[in-house]
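Colleague: Below is the structure I would like to discuss, written out as structure tokens.
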Amino acid sequence: MAAQLALEIGGVIGGLLLVLLIGVSCCLWRRLCVTFTYEELPEAPDMSTVAASNSQEDRLCQPPVGAQLSRLSSVPFMVPPSLQGQDWVPLDSPARAQASQDPCPAPELLPHTSTDNLGKACALGAINPELYKFPEDTSETDFPAGCLGRLWFSVEYQQEAERLLVGLIKAQHLQAPSGTCNPLVKLHLLPDERRFLQSKSKCKTSNPQFDEHFIFQVPSKSVIQRVLRFSVYHVDKQRKHQLLGHVLFPLKSETLAGDCHRIICRDLEAESLEPPSEFGDLQFCLGYNDYLSRLTVVVLRAKGLQLQEHRGAVSVFVKLSLMNHNKFVKCKKTSTVLGSINPVYNETFSFKADAAQLDTASLSLTVLQGAKGDKSLPLGRVVLGPYMYSRGRELEHWNEMLNKPKELVKRWHALCSPCEL
């Protein structure tokens with residue numbers, strides 16, 4: 001009996017809760033309906049009526065004939081004070097039609113802009129696209145007469161690992177002795193000429209694409225004393241290597257600074273067929289700029305030097321002396337190269353010299369071998385100047401420099417005996 005009573009009471013309570021839930025749901029539904037009720041918009045007018053009213057307003061807003069038109073009030077415009085005194089050319093005037101021939105034409109109006117709205121607007125200026133063009137790279141198309149070819153490579157030195165990373169990229173315009181060219185490249189790190197690295201051979205192409213990488217282990221203390229040499233060869237049918245040319249790249253401190261990946265292109269140079277002279281040879285460039293009164297000397301390299309091995313550590317440098325009437329005007333020196341009978345410098349020097357002084361001036365280049373705690377030993381010398389100071393090839397080099405102003409004239413010269421210094 002008690003269980004039946006409990007069931008009845010539970011049923012009544014459940015019914016009341018159900019009725020309460022239904023009531024709450026109805027209240028929430030009414031509130032949502034009130035919130036999302038939209039007000040009906042008035043009926044849109046006929047488009048033909050709107051167009052007619054707009055055209056009528058445009059006719060009312062148009063100024064009378066001959067009246068001065070002005071810009072819309074919604075687009076404020078003001079001429080800068082620095083330009084107010086200039087005469088402006090209206091866009092619809094005949095003079096504006098001739099302005100289309102100007103090398104710097106004004107930009108055209110946008111499609112949504114009409115001259116009726118701009119009225120007598122004036123052009124303030126235009127952008128000349130010619131001023132923003134980058135110079136074209138002519139390294140792959142501009143080859144001078146007699147060019148043996150051009151080589152592209154990259155150089156990067158890792159200071160912590162003491163590794164020299166060399167990337168052999170490509171070569172172009174190679175001049176093979178026969179019709180077809182089968183090139184390969186050998187890499188030397190001078191002054192060590194015994195060990196070298198070699199690229200893969202390419203078949204029947206004068207424009208090979210190598211894309212190879214090489215690693216040289218070089219201490220950081222001696223890397224700036226080394227010279228990277230690329231020797232390009234042609235492989236004939238008998239597998240013999242014929243030298244087409246070489247590139248010398250001194251590893252100077254400024255070229256290796258910052259651990260950056262540098263891409264360089266250089267023209268191939270022919271190997272000198274003349275045997276070295278008794279005391280060695282020196283190659284350098286001469287140039288004179290008459291406008292700046294500047295004499296430029298580029299010391300390139302030397303070969304076949306007769307070094308004195310008993311003097312300990314071998315270091316070779318070149319001393320340049322400009323003289324006038326046998327009086328020293330200025331002396332300069334190259335950096336020293338250690339332990340090489342064929343040092344490479346590629347260093348540029350400039351001297352101030354008036355054109356009138358060149359008739360009595362002379363230039364002396366002396367190759368010296370130095371040692372610690374001892375006086376430098378001269379290995380040879382070259383003197384250039386007018387007829388009173390030089391003869392032969394030295395005189396020809398000096399005269400060619402004067403006949404070709406603002407050009408660098410490059411030549412080899414044999415060093416004279418150290419006893420004649």
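By convention in this document, the chains of the structure tokens carry letters A, B, ... by their order, each chain's residues are numbered from 1, and ligands are numbered from 1 in the order they are shown.
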Would you kindly return, as a tab-separated table (two decimals) with N, CA, C and O atoms, in the first residue's frame, each protein, DNA or RNA residue with an atom no farther than 8 Å from any atom of Gly339 in chain A, considering only C-alpha atoms and excluding same-chain residues fewer than 4 positions away?
Modeller:
chain	number	residue	atom	x	y	z
A	191	PRO	N	100.93	28.04	-53.67
A	191	PRO	CA	102.05	27.58	-54.51
A	191	PRO	C	102.17	26.06	-54.65
A	191	PRO	O	103.14	25.60	-55.25
A	313	ALA	N	112.83	31.63	-44.08
A	313	ALA	CA	111.48	31.78	-44.62
A	313	ALA	C	111.48	32.76	-45.78
A	313	ALA	O	111.97	33.89	-45.67
A	314	VAL	N	110.95	32.32	-46.90
A	314	VAL	CA	110.98	33.11	-48.13
A	314	VAL	C	109.71	33.94	-48.22
A	314	VAL	O	108.60	33.41	-48.16
A	315	SER	N	109.85	35.24	-48.37
A	315	SER	CA	108.73	36.15	-48.62
A	315	SER	C	109.13	37.11	-49.73
A	315	SER	O	110.22	37.69	-49.70
A	316	VAL	N	108.28	37.25	-50.71
A	316	VAL	CA	108.58	38.05	-51.89
A	316	VAL	C	107.57	39.17	-52.00
A	316	VAL	O	106.36	38.95	-51.84
Colleague: Could you list, as a list in words, every residue within 6 Å of range 395-409 of chain A, counting only C-alpha atoms and ignoring same-chain residues fewer than 6 positions away?
Modeller: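 Once the adjacent positions are removed, what remains is Cys285, Leu286, Gly287, Tyr288, Asn289 and Gly385 of chain A.
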Colleague: Which parts of range 195-366 of chain A does DSSP call strand (DSSP E) when run on the backbone here, written out as an MDAnalysis selection string?
Modeller: chainID A and resid 195:198 209:217 227:235 241:250 262:267 281:289 294:303 315:324 327:333 337:338 344:352 361:366
Colleague: With only C-alpha atoms as the counted atoms, please give the residues lying no more than 9 Å from Arg266 in chain A, apart from itself and same-chain residues fewer than 2 positions off, as a list in words.
Modeller: Gly149, Arg150, Leu151, Trp152, Phe153, Val247, Leu248, Phe249, Ile264 and Leu268 of chain A
Colleague: Pick the closest to Arg239 in chain A from A:Leu251, A:Cys265, A:Leu184, A:Val223: which is it, counting only C-alpha atoms?
Modeller: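 Using only C-alpha atoms, the shortest distance to Arg239 in chain A belongs to A:Leu184.
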Colleague: Tell me, as a PyMOL selection string, which residues lie within 8 Å of range 202-215 of chain A, counting only C-alpha atoms; anything in the same chain fewer than 3 positions away does not count.
Modeller: chain A and resi 163-176+180-184+197+199
Colleague: Name the residues in contact with range 298-305 of chain A at a cut-off of 8 Å, using only C-alpha atoms, excluding same-chain residues fewer than 6 positions from it; report them as a list in words.
Modeller: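 Near neighbours after the sequence-gap exclusion: Pro276, Ser277, Phe279, Gly280, Asp281, Leu282, Gln283, Phe284, Cys285, Leu286, Ile341, Asn342, Pro343, Val344, Tyr345, Asn346, Glu347, Thr348, Phe349 and Leu379 of chain A.
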Colleague: So that I have them on file, write out the residues from the current selection with N, CA and C atoms, as a compact mmCIF listing (two decimals), in the first residue's frame.
Modeller:
# COMPACT_ATOMS: atom_id res chain seq x y z
N PRO A 276 110.91 31.64 -69.18
CA PRO A 276 111.27 32.71 -68.24
C PRO A 276 112.71 33.15 -68.46
N SER A 277 112.94 34.43 -68.16
CA SER A 277 114.28 34.98 -68.32
C SER A 277 115.18 34.47 -67.19
N PHE A 279 116.53 35.95 -64.61
CA PHE A 279 116.22 36.39 -63.25
C PHE A 279 114.72 36.46 -62.98
N GLY A 280 113.92 35.99 -63.91
CA GLY A 280 112.48 36.00 -63.72
C GLY A 280 111.80 37.09 -64.52
N ASP A 281 110.47 37.05 -64.53
CA ASP A 281 109.66 38.01 -65.27
C ASP A 281 108.58 38.58 -64.36
N LEU A 282 108.15 39.79 -64.70
CA LEU A 282 107.12 40.49 -63.94
C LEU A 282 106.05 41.00 -64.89
N GLN A 283 104.80 40.75 -64.56
CA GLN A 283 103.67 41.23 -65.37
C GLN A 283 102.91 42.30 -64.60
N PHE A 284 102.64 43.41 -65.27
CA PHE A 284 101.90 44.51 -64.64
C PHE A 284 101.23 45.34 -65.72
N CYS A 285 100.30 46.19 -65.30
CA CYS A 285 99.54 47.08 -66.18
C CYS A 285 99.90 48.52 -65.88
N LEU A 286 99.88 49.33 -66.90
CA LEU A 286 100.11 50.77 -66.77
C LEU A 286 98.94 51.52 -67.39
N ILE A 341 107.91 30.83 -56.18
CA ILE A 341 108.73 31.47 -57.21
C ILE A 341 107.85 32.10 -58.29
N ASN A 342 106.53 31.86 -58.20
CA ASN A 342 105.56 32.46 -59.13
C ASN A 342 104.47 33.17 -58.33
N PRO A 343 104.81 34.23 -57.62
CA PRO A 343 103.81 34.90 -56.77
C PRO A 343 102.77 35.65 -57.61
N VAL A 344 101.58 35.73 -57.07
CA VAL A 344 100.47 36.47 -57.69
C VAL A 344 100.03 37.55 -56.72
N TYR A 345 99.86 38.78 -57.23
CA TYR A 345 99.52 39.91 -56.37
C TYR A 345 98.16 40.52 -56.73
N ASN A 346 97.98 40.97 -57.97
CA ASN A 346 96.74 41.63 -58.40
C ASN A 346 96.42 42.83 -57.50
N GLU A 347 97.38 43.69 -57.31
CA GLU A 347 97.22 44.88 -56.46
C GLU A 347 97.40 46.14 -57.30
N THR A 348 96.60 47.15 -56.98
CA THR A 348 96.57 48.39 -57.75
C THR A 348 97.14 49.53 -56.92
N PHE A 349 97.95 50.38 -57.58
CA PHE A 349 98.57 51.54 -56.94
C PHE A 349 98.38 52.76 -57.85
N LEU A 379 115.92 40.84 -56.14
CA LEU A 379 115.97 39.74 -57.10
C LEU A 379 115.98 40.22 -58.55
Colleague: Take CA of Thr336 in chain A and CA of Phe317 in chain A and report the distance between them in Å, one decimal.
Modeller: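 Atom-to-atom, CA of Thr336 in chain A and CA of Phe317 in chain A are spaced 4.7 Å apart.
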Colleague: Would you mind reading off the distance between CA of Ser350 in chain A and CA of Ser364 in chain A, one decimal, in Å?
Modeller: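 Between CA of Ser350 in chain A and CA of Ser364 in chain A the gap works out to 13.7 Å.
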Colleague: Which residues are near Lys352 in chain A? Cut-off 9 Å, only C-alpha atoms, ignore same chain within fewer than 2 positions. Put them as a compact mmCIF listing (two decimals) with N, CA and C atoms, in the first residue's frame.
Modeller:
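For reference, out.txt as written:
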# COMPACT_ATOMS: atom_id res chain seq x y z
N LEU A 292 92.58 63.38 -64.45
CA LEU A 292 92.84 63.36 -63.00
C LEU A 292 94.33 63.47 -62.67
N SER A 293 95.19 63.48 -63.70
CA SER A 293 96.65 63.51 -63.50
C SER A 293 97.08 62.36 -62.59
N ARG A 294 96.63 61.16 -62.94
CA ARG A 294 96.88 60.00 -62.09
C ARG A 294 97.50 58.87 -62.91
N LEU A 295 98.62 58.35 -62.40
CA LEU A 295 99.30 57.21 -62.99
C LEU A 295 98.92 55.96 -62.20
N THR A 296 98.36 54.97 -62.88
CA THR A 296 97.87 53.75 -62.23
C THR A 296 98.75 52.57 -62.63
N SER A 350 98.26 53.91 -57.22
CA SER A 350 98.08 55.17 -57.96
C SER A 350 99.10 56.19 -57.50
N ASP A 354 101.56 65.04 -62.96
CA ASP A 354 101.06 65.90 -64.03
C ASP A 354 101.58 65.43 -65.38
